[in-house]
$ cat work.txt   # compact mmCIF, C-alpha atoms
# COMPACT_ATOMS: atom_id res chain seq x y z
CA MET A 22 -11.25 7.73 55.80
CA ALA A 23 -12.30 10.01 58.63
CA LEU A 24 -8.83 11.59 58.38
CA LEU A 25 -9.86 13.15 55.08
CA THR A 26 -11.48 16.00 56.97
CA HIS A 27 -8.02 17.10 58.13
CA THR A 28 -5.96 16.18 55.08
CA ASN A 29 -4.64 18.31 52.24
CA PRO A 30 -6.83 17.65 49.18
CA HIS A 31 -3.79 17.03 46.97
CA ALA A 32 -2.62 14.32 49.37
CA VAL A 33 -6.11 12.82 49.31
CA THR A 34 -6.02 12.67 45.51
CA LEU A 35 -2.57 11.02 45.51
CA ARG A 36 -3.66 8.38 48.02
CA LEU A 37 -6.79 7.65 46.00
CA LEU A 38 -4.78 7.17 42.78
CA LEU A 39 -2.28 4.88 44.51
CA PHE A 40 -5.12 2.87 46.01
CA LEU A 41 -6.88 2.44 42.66
CA GLY A 42 -3.66 1.44 40.94
CA ALA A 43 -2.86 -1.15 43.59
CA SER A 44 -6.34 -2.61 43.32
CA SER A 45 -6.00 -3.12 39.57
CA LEU A 46 -2.61 -4.80 39.95
CA LEU A 47 -3.99 -7.22 42.51
CA SER A 48 -6.67 -8.51 40.14
CA SER A 49 -6.29 -12.15 39.22
CA CYS A 50 -7.48 -14.24 36.26
CA ALA A 51 -7.12 -17.69 37.84
CA SER A 52 -10.74 -18.52 38.65
CA VAL A 53 -13.85 -19.24 36.61
CA TYR A 54 -15.81 -17.29 39.28
CA PHE A 55 -15.68 -13.51 39.62
CA PRO A 56 -17.58 -12.27 42.70
CA PRO A 57 -20.02 -9.38 42.25
CA PRO A 58 -19.70 -6.52 44.75
CA ALA A 59 -21.38 -7.00 48.11
CA ALA A 60 -24.61 -5.03 48.47
CA ALA A 61 -24.32 -2.06 50.83
CA PRO A 62 -27.64 -0.20 50.46
CA MET A 63 -27.56 1.59 53.84
CA LEU A 64 -31.28 1.02 54.42
CA THR A 65 -32.66 2.75 57.51
CA GLN A 66 -36.44 3.13 57.15
CA LYS A 67 -39.50 1.46 55.68
CA GLY A 68 -40.14 2.36 52.04
CA GLU A 69 -36.54 3.33 51.28
CA PHE A 70 -35.09 2.22 47.93
CA SER A 71 -31.43 1.97 46.95
CA GLY A 72 -30.25 1.40 43.38
CA GLY A 73 -26.77 1.23 41.95
CA LEU A 74 -24.68 0.51 38.88
CA HIS A 75 -21.09 -0.68 39.36
CA THR A 76 -18.13 -1.76 37.25
CA ASN A 77 -14.43 -2.56 37.63
CA TRP A 78 -11.24 -2.79 35.56
CA LYS A 79 -12.35 -6.09 34.01
CA ALA A 80 -15.66 -4.58 32.83
CA ASN A 81 -17.63 -6.72 35.28
CA VAL A 82 -20.88 -4.71 35.34
CA SER A 83 -23.30 -5.15 38.24
CA ALA A 84 -26.76 -3.65 38.79
CA GLN A 85 -28.01 -3.67 42.38
CA GLY A 86 -31.29 -2.83 44.04
CA ALA A 87 -32.57 -2.91 47.61
CA TYR A 88 -35.90 -2.07 49.22
CA ALA A 89 -36.90 -1.75 52.87
CA VAL A 90 -40.18 -3.67 53.09
CA GLY A 91 -40.38 -2.97 56.84
CA GLU A 92 -38.82 -0.78 59.50
CA HIS A 93 -36.12 -3.42 59.97
CA VAL A 94 -36.54 -5.79 57.01
CA GLY A 95 -34.89 -5.30 53.61
CA LEU A 96 -34.58 -7.12 50.31
CA ILE A 97 -31.46 -6.99 48.11
CA GLY A 98 -30.74 -8.13 44.57
CA THR A 99 -27.73 -8.13 42.23
CA ALA A 100 -27.31 -8.95 38.54
CA SER A 101 -23.70 -9.22 37.35
CA PHE A 102 -22.34 -9.52 33.79
CA LEU A 103 -18.78 -10.04 32.59
CA HIS A 104 -17.91 -10.47 28.89
CA THR A 105 -14.35 -9.67 27.81
CA ASP A 106 -12.27 -10.78 24.83
CA GLY A 107 -8.57 -10.36 25.57
CA LYS A 108 -5.50 -11.41 23.62
CA ARG A 109 -4.81 -14.42 25.82
CA ASN A 110 -8.01 -14.90 27.84
CA ILE A 111 -11.76 -14.68 27.25
CA PHE A 112 -14.08 -14.38 30.24
CA ASP A 113 -17.85 -14.74 30.27
CA GLN A 114 -20.03 -14.73 33.37
CA ASP A 115 -23.70 -14.04 34.07
CA PHE A 116 -24.69 -14.19 37.72
CA GLY A 117 -27.67 -13.18 39.88
CA GLU A 118 -28.24 -12.94 43.64
CA LEU A 119 -31.23 -12.35 45.92
CA GLY A 120 -31.26 -11.87 49.67
CA VAL A 121 -33.27 -10.74 52.67
CA GLY A 122 -32.07 -9.22 55.91
CA TYR A 123 -32.30 -6.98 58.93
CA HIS A 124 -31.30 -3.31 59.17
CA THR A 125 -31.22 -0.90 62.09
CA ARG A 126 -29.69 2.37 63.26
CA PHE A 127 -27.90 2.74 66.58
CA GLY A 128 -25.32 4.78 68.44
CA GLN A 129 -25.21 8.48 69.23
CA ASP A 130 -27.89 10.29 67.21
CA GLU A 131 -28.51 6.92 65.50
CA SER A 132 -25.53 7.71 63.27
CA ARG A 133 -24.50 4.09 62.72
CA ILE A 134 -26.16 1.47 60.49
CA LEU A 135 -26.03 -2.29 60.94
CA GLU A 136 -27.27 -4.55 58.12
CA VAL A 137 -27.33 -8.35 58.13
CA TYR A 138 -28.31 -10.21 54.93
CA ALA A 139 -28.48 -13.81 53.75
CA GLY A 140 -29.44 -15.22 50.39
CA GLY A 141 -28.44 -17.20 47.34
CA GLY A 142 -27.58 -16.91 43.70
CA PHE A 143 -26.86 -18.80 40.52
CA GLY A 144 -25.22 -18.26 37.16
CA SER A 145 -22.73 -19.55 34.64
CA GLY A 146 -19.11 -18.80 33.86
CA LYS A 147 -16.64 -19.62 31.10
CA ARG A 148 -12.89 -19.05 30.83
CA THR A 149 -11.04 -19.59 27.55
CA GLU A 150 -7.26 -19.50 27.31
CA ARG A 151 -5.41 -19.17 24.01
CA THR A 152 -2.00 -18.51 22.56
CA ARG A 153 -0.88 -15.20 21.11
CA ALA A 154 -1.64 -16.67 17.69
CA GLY A 155 -5.26 -17.22 18.75
CA GLU A 156 -5.14 -21.00 19.23
CA VAL A 157 -7.42 -22.12 22.08
CA THR A 158 -5.52 -24.18 24.67
CA LYS A 159 -8.11 -24.59 27.44
CA THR A 160 -11.81 -23.93 27.97
CA VAL A 161 -13.45 -24.20 31.40
CA GLN A 162 -17.22 -23.82 31.75
CA ALA A 163 -19.26 -23.97 34.94
CA ARG A 164 -22.83 -23.72 36.14
CA MET A 165 -22.62 -22.20 39.62
CA GLU A 166 -24.79 -22.02 42.73
CA LYS A 167 -24.14 -19.75 45.67
CA TYR A 168 -25.32 -19.16 49.25
CA PHE A 169 -24.11 -16.19 51.26
CA ALA A 170 -24.38 -14.29 54.53
CA GLN A 171 -22.98 -10.84 55.17
CA VAL A 172 -22.81 -8.09 57.78
CA ASN A 173 -22.50 -4.38 56.88
CA TYR A 174 -21.48 -1.57 59.23
CA THR A 175 -21.77 2.02 58.02
CA LYS A 176 -21.14 5.42 59.57
CA LYS A 177 -24.34 7.23 58.63
CA ASP A 178 -23.62 10.87 59.48
CA ARG A 179 -21.62 12.87 56.95
CA ASP A 180 -17.94 13.75 57.01
CA ALA A 181 -16.49 16.11 54.42
CA PHE A 182 -13.31 17.17 52.61
CA ASN A 183 -12.49 20.13 50.37
CA PHE A 184 -11.34 19.54 46.80
CA LEU A 185 -11.55 21.57 43.56
CA GLY A 186 -13.09 24.46 45.45
CA ARG A 187 -15.99 22.38 46.73
CA THR A 188 -16.90 20.58 49.94
CA TRP A 189 -17.62 16.90 49.31
CA GLU A 190 -19.66 14.98 51.86
CA PHE A 191 -18.95 11.27 52.26
CA ARG A 192 -19.83 8.21 54.30
CA TYR A 193 -17.86 5.02 54.76
CA GLY A 194 -18.27 1.51 56.06
CA ALA A 195 -17.23 -2.12 55.86
CA ALA A 196 -18.86 -5.41 54.92
CA MET A 197 -17.89 -9.00 55.66
CA ARG A 198 -19.38 -11.66 53.40
CA LEU A 199 -19.12 -15.43 53.68
CA SER A 200 -20.14 -17.36 50.54
CA TYR A 201 -20.45 -21.01 49.64
CA VAL A 202 -20.15 -21.59 45.87
CA ASN A 203 -20.41 -24.93 44.10
CA THR A 204 -20.40 -26.08 40.49
CA PRO A 205 -22.99 -28.82 39.90
CA GLU A 206 -21.83 -28.82 36.30
CA LEU A 207 -18.16 -28.31 35.36
CA MET A 208 -16.73 -28.83 31.86
CA LEU A 209 -13.09 -28.92 30.76
CA ASN A 210 -12.49 -28.70 27.01
CA GLY A 211 -16.03 -29.91 26.36
CA GLN A 212 -15.78 -32.91 28.70
CA ARG A 213 -17.62 -33.09 32.00
CA ILE A 214 -15.37 -33.37 35.06
CA PRO A 215 -16.12 -33.62 38.82
CA GLY A 216 -17.59 -30.41 40.18
CA GLU A 217 -15.86 -28.24 42.74
CA ASP A 218 -17.00 -26.17 45.68
CA ASN A 219 -15.38 -23.52 47.83
CA ILE A 220 -16.06 -21.21 50.75
CA PHE A 221 -15.10 -17.59 50.16
CA PHE A 222 -14.51 -14.90 52.76
CA GLU A 223 -14.87 -11.40 51.29
CA PRO A 224 -14.01 -8.46 53.58
CA VAL A 225 -14.50 -5.11 51.85
CA THR A 226 -14.60 -1.42 52.67
CA TYR A 227 -16.58 1.23 50.83
CA THR A 228 -16.74 5.00 50.64
CA ARG A 229 -19.72 6.92 49.27
CA ILE A 230 -19.31 10.55 48.14
CA GLY A 231 -22.27 12.86 47.46
CA LEU A 232 -22.49 14.27 43.93
CA ILE A 233 -25.85 15.89 43.19
CA GLY A 234 -28.97 15.45 45.31
CA PRO A 235 -29.51 11.76 46.11
CA LEU A 236 -26.86 10.67 43.56
CA LYS A 237 -23.66 9.31 45.12
CA PHE A 238 -20.34 7.95 43.85
CA GLN A 239 -19.15 4.75 45.54
CA SER A 240 -15.77 3.05 45.66
CA MET A 241 -15.54 -0.47 47.11
CA SER A 242 -12.39 -2.53 47.58
CA GLY A 243 -11.40 -5.71 49.32
CA TRP A 244 -10.30 -9.26 48.72
CA ASN A 245 -11.65 -12.74 48.13
CA PHE A 246 -10.13 -15.52 50.26
CA GLY A 247 -10.84 -19.16 49.41
CA LEU A 248 -10.92 -21.52 52.39
CA LYS A 249 -10.48 -24.64 50.24
CA ASN A 250 -7.73 -25.57 47.78
CA ARG A 251 -9.41 -25.86 44.37
CA LYS A 252 -8.18 -25.85 40.77
CA TYR A 253 -10.92 -23.99 38.90
CA LEU A 254 -13.08 -22.45 41.65
CA THR A 255 -10.33 -20.45 43.31
CA ALA A 256 -9.99 -17.19 45.17
CA GLY A 257 -7.56 -14.42 44.34
CA ASN A 258 -9.84 -12.09 42.40
CA SER A 259 -9.84 -8.68 44.01
CA VAL A 260 -13.25 -7.38 45.04
CA PHE A 261 -13.17 -3.87 43.60
CA SER A 262 -15.77 -1.66 41.97
CA LEU A 263 -16.67 1.91 41.16
CA GLY A 264 -20.29 2.91 40.84
CA LEU A 265 -23.19 5.32 41.16
CA ILE A 266 -25.78 4.95 43.94
CA ILE A 267 -29.13 6.56 44.62
CA ASN A 268 -31.18 6.28 47.83
CA VAL A 269 -34.75 7.60 47.87
CA GLY A 270 -38.02 7.00 49.65
CA GLY A 271 -38.95 6.44 53.25
CA ASP A 272 -39.73 9.72 54.97
CA GLY A 273 -38.23 11.68 52.08
CA ARG A 274 -34.77 12.08 53.56
CA GLY A 275 -33.25 9.28 51.50
CA GLU A 276 -29.82 8.91 53.03

$ encode --input "work.txt" --output "structure tokens"
Amino acid sequence: MALLTHTNPHAVTLRLLLFLGASSLLSSCASVYFPPPAAAPMLTQKGEFSGGLHTNWKANVSAQGAYAVGEHVGLIGTASFLHTDGKRNIFDQDFGELGVGYHTRFGQDESRILEVYAGGGFGSGKRTERTRAGEVTKTVQARMEKYFAQVNYTKKDRDAFNFLGRTWEFRYGAAMRLSYVNTPELMLNGQRIPGEDNIFFEPVTYTRIGLIGPLKFQSMSGWNFGLKNRKYLTAGNSVFSLGLIINVGGDGRGE
């Protein structure tokens, strides 16, 4: 993304559109679990707050918040909701996560941020498959539990590109999340079946572009790899979201 500072804005726009289109095509409907976006609050100082609202092509809406309770200690939380009614598939998921971690700045002019978080979550999911005539052929329901650990690396100082007669400042980074998800309760067509578990590796990248004041636009993309072969708790859902972020507090600088 650093190359944007030396790239024609029309080329930047084309690359962005191609990237977004590819992300939507990679989305999968195989699993009863749809991962919420990894939290990337970019906390750097005590008293700083980060809040965000995200969504994706499947209308999976996530609200996130983070607060730096100490100079190097932060809390994160995510609430995710997915309710869609398609011609062939119906998806419902409500999921929440909480975590605690360490954040610090380093490098030249302290222009890099390292965040390490761990936590857990729980929720429920349901996938209903039906024919074009509306006849239900399969219903899978699950109560899910989750434990995760993740590492975020962000370039804190601003880069910029020119587009539509304006200079847009942006930051970018990457996160690697490892999650263990299990289903203590799993139902197939109304009958209880043995639960499943899986370990997911979720590497993502994100770019945050300044809009007005502390308000930022964020794009996050990546993938969800399952380390176990499972039938209903599978990987393959792309980790992609678009959202709005705000960072305030601390010494007043926000981001």

$ closest_residue --input "work.txt" --among "A:Gly234, A:Leu96, A:Lys176, A:Gly270" --to "Gln129 (chain A)" --atoms "only C-alpha atoms"
A:Lys176

$ residues_around --input "work.txt" --residues "Arg198 (chain A)" --least-positions-apart "4" --cutoff "6 Å" --atoms "all atoms listed in the file" --output "MDAnalysis selection string"
chainID A and resid 170:171 222:223

$ closest_residue --input "work.txt" --among "A:Met165, A:Ala195, A:Ile233, A:Val202" --to "Gln114 (chain A)" --atoms "all atoms listed in the file"
A:Met165

$ atom_distance --input "work.txt" --atom1 "CA of Leu232 (chain A)" --atom2 "CA of Ser71 (chain A)"
15.5 Å

$ residues_around --input "work.txt" --residues "region 205-215 of chain A" --least-positions-apart "5" --cutoff "8 Å" --atoms "all atoms listed in the file" --output "list in words"
Lys159, Thr160, Val161, Gln162, Ala163, Arg164, Met165 and Glu166 of chain A
